file run-v7.cif (mmCIF, C-alpha atoms)
data_final
loop_
_atom_site.group_PDB
_atom_site.id
_atom_site.type_symbol
_atom_site.label_atom_id
_atom_site.label_comp_id
_atom_site.auth_asym_id
_atom_site.auth_seq_id
_atom_site.Cartn_x
_atom_site.Cartn_y
_atom_site.Cartn_z
ATOM 1 C CA MET G 1 53.822 -143.703 119.640
ATOM 2 C CA VAL G 2 52.263 -146.984 118.526
ATOM 3 C CA ARG G 3 53.830 -150.084 120.077
ATOM 4 C CA THR G 4 53.641 -153.303 118.102
ATOM 5 C CA ALA G 5 55.723 -156.483 118.378
ATOM 6 C CA ALA G 6 57.701 -155.421 115.292
ATOM 7 C CA SER G 7 58.276 -151.896 116.625
ATOM 8 C CA LYS G 8 59.590 -153.291 119.935
ATOM 9 C CA ARG G 9 62.085 -155.456 118.043
ATOM 10 C CA TYR G 10 63.025 -152.440 115.906
ATOM 11 C CA ASN G 11 63.586 -150.260 118.980
ATOM 12 C CA TRP G 12 65.828 -152.883 120.569
ATOM 13 C CA ARG G 13 67.887 -153.178 117.382
ATOM 14 C CA VAL G 14 68.294 -149.397 117.217
ATOM 15 C CA VAL G 15 69.344 -149.239 120.887
ATOM 16 C CA TRP G 16 72.006 -151.923 120.361
ATOM 17 C CA LEU G 17 73.246 -150.388 117.123
ATOM 18 C CA SER G 18 73.444 -146.962 118.811
ATOM 19 C CA LEU G 19 75.552 -148.442 121.608
ATOM 20 C CA PHE G 20 77.856 -150.065 119.039
ATOM 21 C CA TYR G 21 78.074 -146.745 117.182
ATOM 22 C CA ALA G 22 79.097 -144.873 120.352
ATOM 23 C CA ALA G 23 81.667 -147.527 121.267
ATOM 24 C CA PHE G 24 83.153 -147.705 117.746
ATOM 25 C CA LEU G 25 83.257 -143.910 117.399
ATOM 26 C CA ILE G 26 85.028 -143.434 120.734
ATOM 27 C CA ALA G 27 87.492 -146.220 119.915
ATOM 28 C CA ALA G 28 88.205 -144.856 116.410
ATOM 29 C CA VAL G 29 88.693 -141.267 117.586
ATOM 30 C CA TYR G 30 90.941 -142.434 120.440
ATOM 31 C CA GLY G 31 92.919 -144.724 118.147
ATOM 32 C CA PHE G 32 93.549 -142.063 115.511
ATOM 33 C CA LYS G 33 94.237 -139.301 118.052
ATOM 34 C CA HIS G 34 96.886 -141.369 119.822
ATOM 35 C CA GLN G 35 98.259 -142.850 116.582
ATOM 36 C CA LEU G 36 97.476 -146.383 117.672
ATOM 37 C CA VAL G 37 96.085 -147.466 114.291
ATOM 38 C CA SER G 38 98.506 -149.030 111.828
ATOM 39 C CA THR G 39 98.384 -147.862 108.202
ATOM 40 C CA GLY G 40 96.845 -151.113 107.015
ATOM 41 C CA LEU G 41 93.966 -150.878 109.487
ATOM 42 C CA LYS G 42 93.139 -147.198 109.028
ATOM 43 C CA TYR G 43 90.313 -147.811 106.527
ATOM 44 C CA VAL G 44 88.802 -150.535 108.692
ATOM 45 C CA VAL G 45 88.875 -148.438 111.891
ATOM 46 C CA ALA G 46 87.579 -145.337 110.083
ATOM 47 C CA LEU G 47 84.643 -147.346 108.728
ATOM 48 C CA LEU G 48 83.720 -148.974 112.045
ATOM 49 C CA PRO G 49 81.441 -146.124 113.273
ATOM 50 C CA ALA G 50 79.675 -146.098 109.893
ATOM 51 C CA LEU G 51 78.621 -149.755 110.092
ATOM 52 C CA PRO G 52 76.055 -149.421 112.938
ATOM 53 C CA ILE G 53 74.499 -146.436 111.148
ATOM 54 C CA VAL G 54 74.148 -148.541 108.003
ATOM 55 C CA GLY G 55 72.705 -151.174 110.328
ATOM 56 C CA ILE G 56 70.026 -148.722 111.492
ATOM 57 C CA PHE G 57 68.932 -148.200 107.881
ATOM 58 C CA ALA G 58 68.783 -151.990 107.492
ATOM 59 C CA ALA G 59 66.773 -152.189 110.756
ATOM 60 C CA ILE G 60 64.260 -149.703 109.348
ATOM 61 C CA GLY G 61 63.928 -151.806 106.193
ATOM 62 C CA ARG G 62 63.496 -154.969 108.241
ATOM 63 C CA TYR G 63 60.904 -153.237 110.412
ATOM 64 C CA LEU G 64 58.869 -152.287 107.338
ATOM 65 C CA VAL G 65 58.949 -155.937 106.235
ATOM 66 C CA GLU G 66 58.057 -157.313 109.685
ATOM 67 C CA GLU G 67 55.351 -154.808 110.643
ATOM 68 C CA GLN G 68 51.983 -156.569 110.334
ATOM 69 C CA ASP G 69 49.873 -153.509 111.168
ATOM 70 C CA GLU G 70 49.397 -151.769 107.827
ATOM 71 C CA TYR G 71 48.370 -148.420 109.349
ATOM 72 C CA VAL G 72 51.440 -148.282 111.592
ATOM 73 C CA ARG G 73 53.604 -149.337 108.635
ATOM 74 C CA MET G 74 52.119 -146.526 106.555
ATOM 75 C CA LEU G 75 53.040 -144.022 109.279
ATOM 76 C CA MET G 76 56.653 -145.227 109.202
ATOM 77 C CA VAL G 77 56.787 -145.092 105.391
ATOM 78 C CA ARG G 78 55.534 -141.491 105.543
ATOM 79 C CA GLN G 79 58.199 -140.684 108.152
ATOM 80 C CA THR G 80 60.989 -142.111 106.012
ATOM 81 C CA LEU G 81 59.725 -140.217 102.958
ATOM 82 C CA TRP G 82 59.775 -136.971 104.934
ATOM 83 C CA ALA G 83 63.256 -137.815 106.195
ATOM 84 C CA SER G 84 64.546 -138.557 102.689
ATOM 85 C CA GLY G 85 62.978 -135.447 101.198
ATOM 86 C CA PHE G 86 64.306 -133.269 103.996
ATOM 87 C CA ALA G 87 67.864 -134.657 103.927
ATOM 88 C CA LEU G 88 68.177 -134.713 100.133
ATOM 89 C CA SER G 89 66.794 -131.167 99.819
ATOM 90 C CA LEU G 90 69.197 -129.912 102.461
ATOM 91 C CA ALA G 91 72.136 -131.715 100.805
ATOM 92 C CA THR G 92 71.202 -130.237 97.418
ATOM 93 C CA VAL G 93 70.892 -126.700 98.757
ATOM 94 C CA TRP G 94 74.117 -126.997 100.750
ATOM 95 C CA GLY G 95 75.944 -128.548 97.808
ATOM 96 C CA PHE G 96 75.194 -125.620 95.513
ATOM 97 C CA LEU G 97 76.023 -123.056 98.197
ATOM 98 C CA GLU G 98 79.304 -124.878 98.798
ATOM 99 C CA SER G 99 80.075 -125.074 95.068
ATOM 100 C CA PHE G 100 79.803 -121.298 94.797
ATOM 101 C CA GLU G 101 81.923 -120.923 97.954
ATOM 102 C CA LEU G 102 79.149 -119.274 99.936
ATOM 103 C CA VAL G 103 79.299 -121.767 102.807
ATOM 104 C CA GLY G 104 82.028 -123.955 104.244
ATOM 105 C CA HIS G 105 82.537 -127.655 103.555
ATOM 106 C CA ALA G 106 80.254 -130.100 105.358
ATOM 107 C CA ASP G 107 81.259 -133.744 105.748
ATOM 108 C CA GLY G 108 79.008 -136.213 103.935
ATOM 109 C CA TYR G 109 77.744 -137.875 107.097
ATOM 110 C CA TYR G 110 75.840 -134.707 108.005
ATOM 111 C CA VAL G 111 73.257 -135.943 105.486
ATOM 112 C CA VAL G 112 72.563 -138.809 107.879
ATOM 113 C CA ILE G 113 72.077 -136.395 110.773
ATOM 114 C CA ALA G 114 69.674 -134.395 108.583
ATOM 115 C CA TRP G 115 67.871 -137.635 107.655
ATOM 116 C CA PHE G 116 67.299 -138.580 111.286
ATOM 117 C CA PHE G 117 66.140 -135.032 111.994
ATOM 118 C CA GLY G 118 63.778 -135.428 109.026
ATOM 119 C CA LEU G 119 62.470 -138.630 110.622
ATOM 120 C CA ALA G 120 61.450 -136.546 113.635
ATOM 121 C CA VAL G 121 59.865 -133.975 111.300
ATOM 122 C CA GLY G 122 57.907 -136.793 109.655
ATOM 123 C CA GLY G 123 56.771 -137.994 113.072
ATOM 124 C CA GLY G 124 55.547 -134.479 113.820
ATOM 125 C CA VAL G 125 53.671 -134.291 110.511
ATOM 126 C CA ASN G 126 52.088 -137.696 111.245
ATOM 127 C CA LYS G 127 51.045 -136.422 114.663
ATOM 128 C CA LEU G 128 49.401 -133.373 113.083
ATOM 129 C CA THR G 129 47.620 -135.264 110.294
ATOM 130 C CA PHE G 130 46.834 -138.631 111.919
ATOM 131 C CA GLY G 131 47.137 -137.939 115.657
ATOM 132 C CA GLU G 132 49.911 -140.565 115.882
ATOM 133 C CA SER G 133 53.617 -140.058 115.260
ATOM 134 C CA GLY G 134 54.251 -143.725 114.393
ATOM 135 C CA SER G 135 56.881 -146.155 115.634
ATOM 136 C CA GLY G 136 60.013 -144.638 114.202
ATOM 137 C CA CYS G 137 60.457 -141.621 116.408
ATOM 138 C CA MET S 1 36.456 -143.218 103.939
ATOM 139 C CA GLU S 2 33.092 -142.955 105.684
ATOM 140 C CA ASN S 3 32.074 -146.171 107.440
ATOM 141 C CA ARG S 4 29.782 -147.768 110.045
ATOM 142 C CA LEU S 5 32.539 -149.393 112.035
ATOM 143 C CA ARG S 6 31.911 -147.406 115.215
ATOM 144 C CA VAL S 7 28.178 -148.238 115.122
ATOM 145 C CA LEU S 8 28.776 -151.944 114.490
ATOM 146 C CA ARG S 9 31.354 -152.057 117.254
ATOM 147 C CA ALA S 10 29.050 -150.250 119.701
ATOM 148 C CA GLU S 11 26.190 -152.656 118.889
ATOM 149 C CA ARG S 12 28.373 -155.481 120.146
ATOM 150 C CA GLY S 13 29.638 -153.563 123.161
ATOM 151 C CA TRP S 14 33.255 -153.819 121.994
ATOM 152 C CA SER S 15 35.919 -151.266 122.783
ATOM 153 C CA GLN S 16 38.374 -150.191 120.072
ATOM 154 C CA GLN S 17 40.916 -152.451 121.772
ATOM 155 C CA ASP S 18 38.513 -155.418 121.596
ATOM 156 C CA LEU S 19 37.962 -154.909 117.879
ATOM 157 C CA ALA S 20 41.688 -154.361 117.314
ATOM 158 C CA GLY S 21 42.436 -157.710 118.939
ATOM 159 C CA ARG S 22 39.829 -159.481 116.809
ATOM 160 C CA ILE S 23 41.182 -158.168 113.507
ATOM 161 C CA GLU S 24 44.821 -158.287 114.674
ATOM 162 C CA VAL S 25 45.727 -154.617 114.341
ATOM 163 C CA SER S 26 46.557 -151.875 116.838
ATOM 164 C CA ARG S 27 43.888 -149.835 118.630
ATOM 165 C CA GLN S 28 45.279 -146.804 116.812
ATOM 166 C CA SER S 29 44.500 -148.496 113.480
ATOM 167 C CA VAL S 30 40.879 -149.059 114.493
ATOM 168 C CA ASN S 31 40.606 -145.425 115.572
ATOM 169 C CA ALA S 32 42.142 -144.183 112.302
ATOM 170 C CA ILE S 33 39.726 -146.315 110.239
ATOM 171 C CA GLU S 34 36.675 -145.318 112.299
ATOM 172 C CA THR S 35 37.452 -141.627 111.989
ATOM 173 C CA GLY S 36 38.047 -141.945 108.247
ATOM 174 C CA LYS S 37 41.699 -140.899 108.499
ATOM 175 C CA TYR S 38 42.917 -144.189 107.067
ATOM 176 C CA ASP S 39 41.374 -146.422 104.415
ATOM 177 C CA PRO S 40 42.108 -150.102 105.091
ATOM 178 C CA SER S 41 43.579 -152.368 102.429
ATOM 179 C CA LEU S 42 41.223 -154.798 100.716
ATOM 180 C CA PRO S 43 42.437 -157.789 102.790
ATOM 181 C CA LEU S 44 41.852 -155.862 106.039
ATOM 182 C CA ALA S 45 38.462 -154.616 104.821
ATOM 183 C CA PHE S 46 37.492 -158.236 104.081
ATOM 184 C CA ARG S 47 38.688 -159.285 107.554
ATOM 185 C CA ILE S 48 36.485 -156.598 109.113
ATOM 186 C CA ALA S 49 33.515 -157.546 106.931
ATOM 187 C CA GLU S 50 33.892 -161.230 107.787
ATOM 188 C CA LEU S 51 34.072 -160.430 111.496
ATOM 189 C CA PHE S 52 30.784 -158.527 111.355
ATOM 190 C CA GLY S 53 29.218 -160.992 108.909
ATOM 191 C CA ALA S 54 28.347 -158.264 106.437
ATOM 192 C CA PRO S 55 29.423 -157.330 102.900
ATOM 193 C CA ILE S 56 32.125 -154.679 102.654
ATOM 194 C CA GLU S 57 29.732 -152.157 101.098
ATOM 195 C CA GLU S 58 27.483 -152.360 104.163
ATOM 196 C CA ILE S 59 30.374 -151.244 106.352
ATOM 197 C CA PHE S 60 32.322 -148.880 104.102
ATOM 198 C CA VAL S 61 30.643 -146.188 102.033
ATOM 199 C CA SER S 62 31.952 -146.026 98.473
ATOM 200 C CA PRO S 63 33.460 -142.543 97.919
ATOM 201 C CA SER S 64 32.050 -142.412 94.365
ATOM 202 C CA ARG S 65 28.511 -143.266 95.507
ATOM 203 C CA ARG S 66 28.863 -140.832 98.366
ATOM 204 C CA SER S 67 29.886 -137.944 96.073
ATOM 205 C CA SER S 68 27.089 -138.700 93.590
ATOM 206 C CA GLY S 69 24.537 -138.596 96.387
ATOM 207 C CA ALA S 70 23.465 -142.205 95.786
ATOM 208 C CA ILE S 71 23.692 -142.964 99.530
#
call {"tool": "encode", "arguments": {"input": "run-v7.cif", "output": "structure tokens"}}
result
Amino acid sequence: MVRTAASKRYNWRVVWLSLFYAAFLIAAVYGFKHQLVSTGLKYVVALLPALPIVGIFAAIGRYLVEEQDEYVRMLMVRQTLWASGFALSLATVWGFLESFELVGHADGYYVVIAWFFGLAVGGGVNKLTFGESGSGC
Amino acid sequence: MENRLRVLRAERGWSQQDLAGRIEVSRQSVNAIETGKYDPSLPLAFRIAELFGAPIEEIFVSPSRRSSGAI
């Protein structure tokens, strides 16, 4: 893993956003399970765990803008392309299988899980081709 | 892209880290350029050339000239 000033800032942002995600998710699940959320606030509470995840995507974009080392930036771009290709391919395949009732329904946010898994795949491919995984994983 | 970066660096007794600091990139970037795994952008190639006081074509071997056997 290559450590640059921009990648350190990126890692800190991801750590904080992950902590917010865990806190919001626990609070939302608890609130809904114990019927503590009023009807008017249901959409807001349900969306709370999604916001830090959206924030992580924004953090990745900001990292790509801030990264001054073009080689390290290229590694991250490759990782995100692998992640996008992996997640979108999986979503497409699953979508058709689901349409023909061959598999069960999967919630939309599983695409995000696949995307982050794809980020790790991209890091592995970088490691094999360049000897460095990059900053993103 | 084939290049003479490792030779030029060795002539000055610089480590990859030393060179990385001088051209403001990571050591991994220097290694990737030296081993031909990564081709630097034109601005970075100019920065390297200016550091060594040599034209770009004296440091980096043009792929087209290389394939035609001109070098």
call {"tool": "atom_distance", "arguments": {"input": "run-v7.cif", "atom1": "CA of Phe60 (chain S)", "atom2": "CA of Leu5 (chain S)"}}
result
8.0 Å
call {"tool": "resolve_selection", "arguments": {"input": "run-v7.cif", "expression": "the PyMOL selection byres ((chain S) within 10 of (chain G))", "output": "list in words"}}
result
Glu24, Val25, Ser26, Arg27, Gln28, Ser29, Val30, Asn31, Ala32, Ile33, Thr35, Lys37, Tyr38, Asp39, Pro40, Ser41 and Leu44 of chain S
call {"tool": "closest_residue", "arguments": {"input": "run-v7.cif", "among": "S:Trp14, S:Gly36, S:Arg22, S:Arg9", "to": "Val61 (chain S)", "atoms": "all atoms listed in the file"}}
result
S:Gly36
call {"tool": "resolve_selection", "arguments": {"input": "run-v7.cif", "expression": "the PyMOL selection byres ((chain S and resi 53-56) around 12)", "output": "count of residues only"}}
result
23
call {"tool": "resolve_selection", "arguments": {"input": "run-v7.cif", "expression": "the PyMOL selection byres ((chain G and resi 83-87) around 6)", "output": "ChimeraX atom specification"}}
result
/G:80-82,88-90,111,114-115,118-119
call {"tool": "atom_distance", "arguments": {"input": "run-v7.cif", "atom1": "CA of Trp16 (chain G)", "atom2": "CA of Asn126 (chain G)"}}
result
26.1 Å
call {"tool": "atom_distance", "arguments": {"input": "run-v7.cif", "atom1": "CA of Pro49 (chain G)", "atom2": "CA of Leu25 (chain G)"}}
result
5.0 Å
call {"tool": "axis_aligned_box", "arguments": {"input": "run-v7.cif", "around": "region 19-37 of chain S", "padding_each_side": "8 Å", "output": "lines of an AutoDock Vina configuration file"}}
result
center_x = 41.6
center_y = -150.2
center_z = 113.6
size_x = 25.9
size_y = 34.6
size_z = 26.7
call {"tool": "residues_around", "arguments": {"input": "run-v7.cif", "residues": "Ile53 (chain G)", "least_positions_apart": "6", "cutoff": "8 Å", "atoms": "only C-alpha atoms", "output": "list in words"}}
result
Leu17, Ser18 and Tyr21 of chain G
call {"tool": "residues_around", "arguments": {"input": "run-v7.cif", "residues": "Ala6 (chain G)", "least_positions_apart": "5", "cutoff": "7 Å", "atoms": "all atoms listed in the file", "output": "PyMOL selection string"}}
result
chain G and resi 63+66-67
call {"tool": "build_atoms", "arguments": {"input": "run-v7.cif", "residues": "region 6-32 of chain S", "atoms": "N, CA, C and O atoms", "output": "PDB file, keeping the file's coordinate frame"}}
result
ATOM      1  N   ARG S   6      32.154-147.792 113.832  1.00  0.00           N
ATOM      2  CA  ARG S   6      31.911-147.406 115.215  1.00  0.00           C
ATOM      3  C   ARG S   6      30.532-147.906 115.683  1.00  0.00           C
ATOM      4  O   ARG S   6      30.397-148.408 116.800  1.00  0.00           O
ATOM      5  N   VAL S   7      29.544-147.798 114.786  1.00  0.00           N
ATOM      6  CA  VAL S   7      28.178-148.238 115.122  1.00  0.00           C
ATOM      7  C   VAL S   7      28.160-149.754 115.332  1.00  0.00           C
ATOM      8  O   VAL S   7      27.621-150.247 116.330  1.00  0.00           O
ATOM      9  N   LEU S   8      28.760-150.477 114.399  1.00  0.00           N
ATOM     10  CA  LEU S   8      28.776-151.944 114.490  1.00  0.00           C
ATOM     11  C   LEU S   8      29.509-152.413 115.744  1.00  0.00           C
ATOM     12  O   LEU S   8      29.087-153.368 116.407  1.00  0.00           O
ATOM     13  N   ARG S   9      30.575-151.710 116.053  1.00  0.00           N
ATOM     14  CA  ARG S   9      31.354-152.057 117.254  1.00  0.00           C
ATOM     15  C   ARG S   9      30.521-151.791 118.505  1.00  0.00           C
ATOM     16  O   ARG S   9      30.464-152.622 119.431  1.00  0.00           O
ATOM     17  N   ALA S  10      29.859-150.633 118.536  1.00  0.00           N
ATOM     18  CA  ALA S  10      29.050-150.250 119.701  1.00  0.00           C
ATOM     19  C   ALA S  10      27.892-151.221 119.900  1.00  0.00           C
ATOM     20  O   ALA S  10      27.539-151.558 121.041  1.00  0.00           O
ATOM     21  N   GLU S  11      27.308-151.696 118.797  1.00  0.00           N
ATOM     22  CA  GLU S  11      26.190-152.656 118.889  1.00  0.00           C
ATOM     23  C   GLU S  11      26.609-153.927 119.620  1.00  0.00           C
ATOM     24  O   GLU S  11      25.797-154.586 120.260  1.00  0.00           O
ATOM     25  N   ARG S  12      27.873-154.262 119.498  1.00  0.00           N
ATOM     26  CA  ARG S  12      28.373-155.481 120.146  1.00  0.00           C
ATOM     27  C   ARG S  12      29.018-155.202 121.497  1.00  0.00           C
ATOM     28  O   ARG S  12      29.511-156.098 122.156  1.00  0.00           O
ATOM     29  N   GLY S  13      29.056-153.940 121.866  1.00  0.00           N
ATOM     30  CA  GLY S  13      29.638-153.563 123.161  1.00  0.00           C
ATOM     31  C   GLY S  13      31.144-153.738 123.218  1.00  0.00           C
ATOM     32  O   GLY S  13      31.715-153.959 124.281  1.00  0.00           O
ATOM     33  N   TRP S  14      31.795-153.639 122.052  1.00  0.00           N
ATOM     34  CA  TRP S  14      33.255-153.819 121.994  1.00  0.00           C
ATOM     35  C   TRP S  14      33.953-152.470 122.108  1.00  0.00           C
ATOM     36  O   TRP S  14      33.475-151.465 121.559  1.00  0.00           O
ATOM     37  N   SER S  15      35.061-152.458 122.780  1.00  0.00           N
ATOM     38  CA  SER S  15      35.919-151.266 122.783  1.00  0.00           C
ATOM     39  C   SER S  15      36.777-151.297 121.508  1.00  0.00           C
ATOM     40  O   SER S  15      36.819-152.321 120.804  1.00  0.00           O
ATOM     41  N   GLN S  16      37.462-150.200 121.229  1.00  0.00           N
ATOM     42  CA  GLN S  16      38.374-150.191 120.072  1.00  0.00           C
ATOM     43  C   GLN S  16      39.445-151.259 120.239  1.00  0.00           C
ATOM     44  O   GLN S  16      39.851-151.903 119.272  1.00  0.00           O
ATOM     45  N   GLN S  17      39.879-151.448 121.490  1.00  0.00           N
ATOM     46  CA  GLN S  17      40.916-152.451 121.772  1.00  0.00           C
ATOM     47  C   GLN S  17      40.400-153.859 121.496  1.00  0.00           C
ATOM     48  O   GLN S  17      41.119-154.702 120.959  1.00  0.00           O
ATOM     49  N   ASP S  18      39.116-154.103 121.864  1.00  0.00           N
ATOM     50  CA  ASP S  18      38.513-155.418 121.596  1.00  0.00           C
ATOM     51  C   ASP S  18      38.502-155.715 120.097  1.00  0.00           C
ATOM     52  O   ASP S  18      38.899-156.792 119.659  1.00  0.00           O
ATOM     53  N   LEU S  19      38.032-154.729 119.337  1.00  0.00           N
ATOM     54  CA  LEU S  19      37.962-154.909 117.879  1.00  0.00           C
ATOM     55  C   LEU S  19      39.364-155.081 117.288  1.00  0.00           C
ATOM     56  O   LEU S  19      39.581-155.939 116.422  1.00  0.00           O
ATOM     57  N   ALA S  20      40.304-154.278 117.803  1.00  0.00           N
ATOM     58  CA  ALA S  20      41.688-154.361 117.314  1.00  0.00           C
ATOM     59  C   ALA S  20      42.240-155.774 117.499  1.00  0.00           C
ATOM     60  O   ALA S  20      42.869-156.330 116.594  1.00  0.00           O
ATOM     61  N   GLY S  21      41.970-156.354 118.661  1.00  0.00           N
ATOM     62  CA  GLY S  21      42.436-157.710 118.939  1.00  0.00           C
ATOM     63  C   GLY S  21      41.817-158.730 117.995  1.00  0.00           C
ATOM     64  O   GLY S  21      42.484-159.664 117.548  1.00  0.00           O
ATOM     65  N   ARG S  22      40.534-158.526 117.673  1.00  0.00           N
ATOM     66  CA  ARG S  22      39.829-159.481 116.809  1.00  0.00           C
ATOM     67  C   ARG S  22      40.305-159.418 115.355  1.00  0.00           C
ATOM     68  O   ARG S  22      40.263-160.427 114.639  1.00  0.00           O
ATOM     69  N   ILE S  23      40.707-158.267 114.903  1.00  0.00           N
ATOM     70  CA  ILE S  23      41.182-158.168 113.507  1.00  0.00           C
ATOM     71  C   ILE S  23      42.704-158.047 113.424  1.00  0.00           C
ATOM     72  O   ILE S  23      43.267-157.792 112.363  1.00  0.00           O
ATOM     73  N   GLU S  24      43.351-158.223 114.585  1.00  0.00           N
ATOM     74  CA  GLU S  24      44.821-158.287 114.674  1.00  0.00           C
ATOM     75  C   GLU S  24      45.513-157.036 114.140  1.00  0.00           C
ATOM     76  O   GLU S  24      46.415-157.122 113.293  1.00  0.00           O
ATOM     77  N   VAL S  25      45.038-155.880 114.621  1.00  0.00           N
ATOM     78  CA  VAL S  25      45.727-154.617 114.341  1.00  0.00           C
ATOM     79  C   VAL S  25      45.816-153.847 115.659  1.00  0.00           C
ATOM     80  O   VAL S  25      45.299-154.294 116.677  1.00  0.00           O
ATOM     81  N   SER S  26      46.450-152.681 115.619  1.00  0.00           N
ATOM     82  CA  SER S  26      46.557-151.875 116.838  1.00  0.00           C
ATOM     83  C   SER S  26      45.264-151.087 117.068  1.00  0.00           C
ATOM     84  O   SER S  26      44.474-150.891 116.140  1.00  0.00           O
ATOM     85  N   ARG S  27      45.056-150.656 118.322  1.00  0.00           N
ATOM     86  CA  ARG S  27      43.888-149.835 118.630  1.00  0.00           C
ATOM     87  C   ARG S  27      43.917-148.548 117.807  1.00  0.00           C
ATOM     88  O   ARG S  27      42.891-148.050 117.355  1.00  0.00           O
ATOM     89  N   GLN S  28      45.129-148.035 117.590  1.00  0.00           N
ATOM     90  CA  GLN S  28      45.279-146.804 116.812  1.00  0.00           C
ATOM     91  C   GLN S  28      44.779-147.000 115.378  1.00  0.00           C
ATOM     92  O   GLN S  28      44.238-146.075 114.779  1.00  0.00           O
ATOM     93  N   SER S  29      44.976-148.209 114.840  1.00  0.00           N
ATOM     94  CA  SER S  29      44.500-148.496 113.480  1.00  0.00           C
ATOM     95  C   SER S  29      42.977-148.439 113.437  1.00  0.00           C
ATOM     96  O   SER S  29      42.396-147.854 112.516  1.00  0.00           O
ATOM     97  N   VAL S  30      42.347-149.069 114.438  1.00  0.00           N
ATOM     98  CA  VAL S  30      40.879-149.059 114.493  1.00  0.00           C
ATOM     99  C   VAL S  30      40.376-147.621 114.577  1.00  0.00           C
ATOM    100  O   VAL S  30      39.447-147.230 113.869  1.00  0.00           O
ATOM    101  N   ASN S  31      41.014-146.832 115.418  1.00  0.00           N
ATOM    102  CA  ASN S  31      40.606-145.425 115.572  1.00  0.00           C
ATOM    103  C   ASN S  31      40.763-144.663 114.250  1.00  0.00           C
ATOM    104  O   ASN S  31      39.878-143.902 113.859  1.00  0.00           O
ATOM    105  N   ALA S  32      41.894-144.893 113.569  1.00  0.00           N
ATOM    106  CA  ALA S  32      42.142-144.183 112.302  1.00  0.00           C
ATOM    107  C   ALA S  32      41.121-144.582 111.239  1.00  0.00           C
ATOM    108  O   ALA S  32      40.684-143.746 110.448  1.00  0.00           O
TER     109      ALA S  32
END
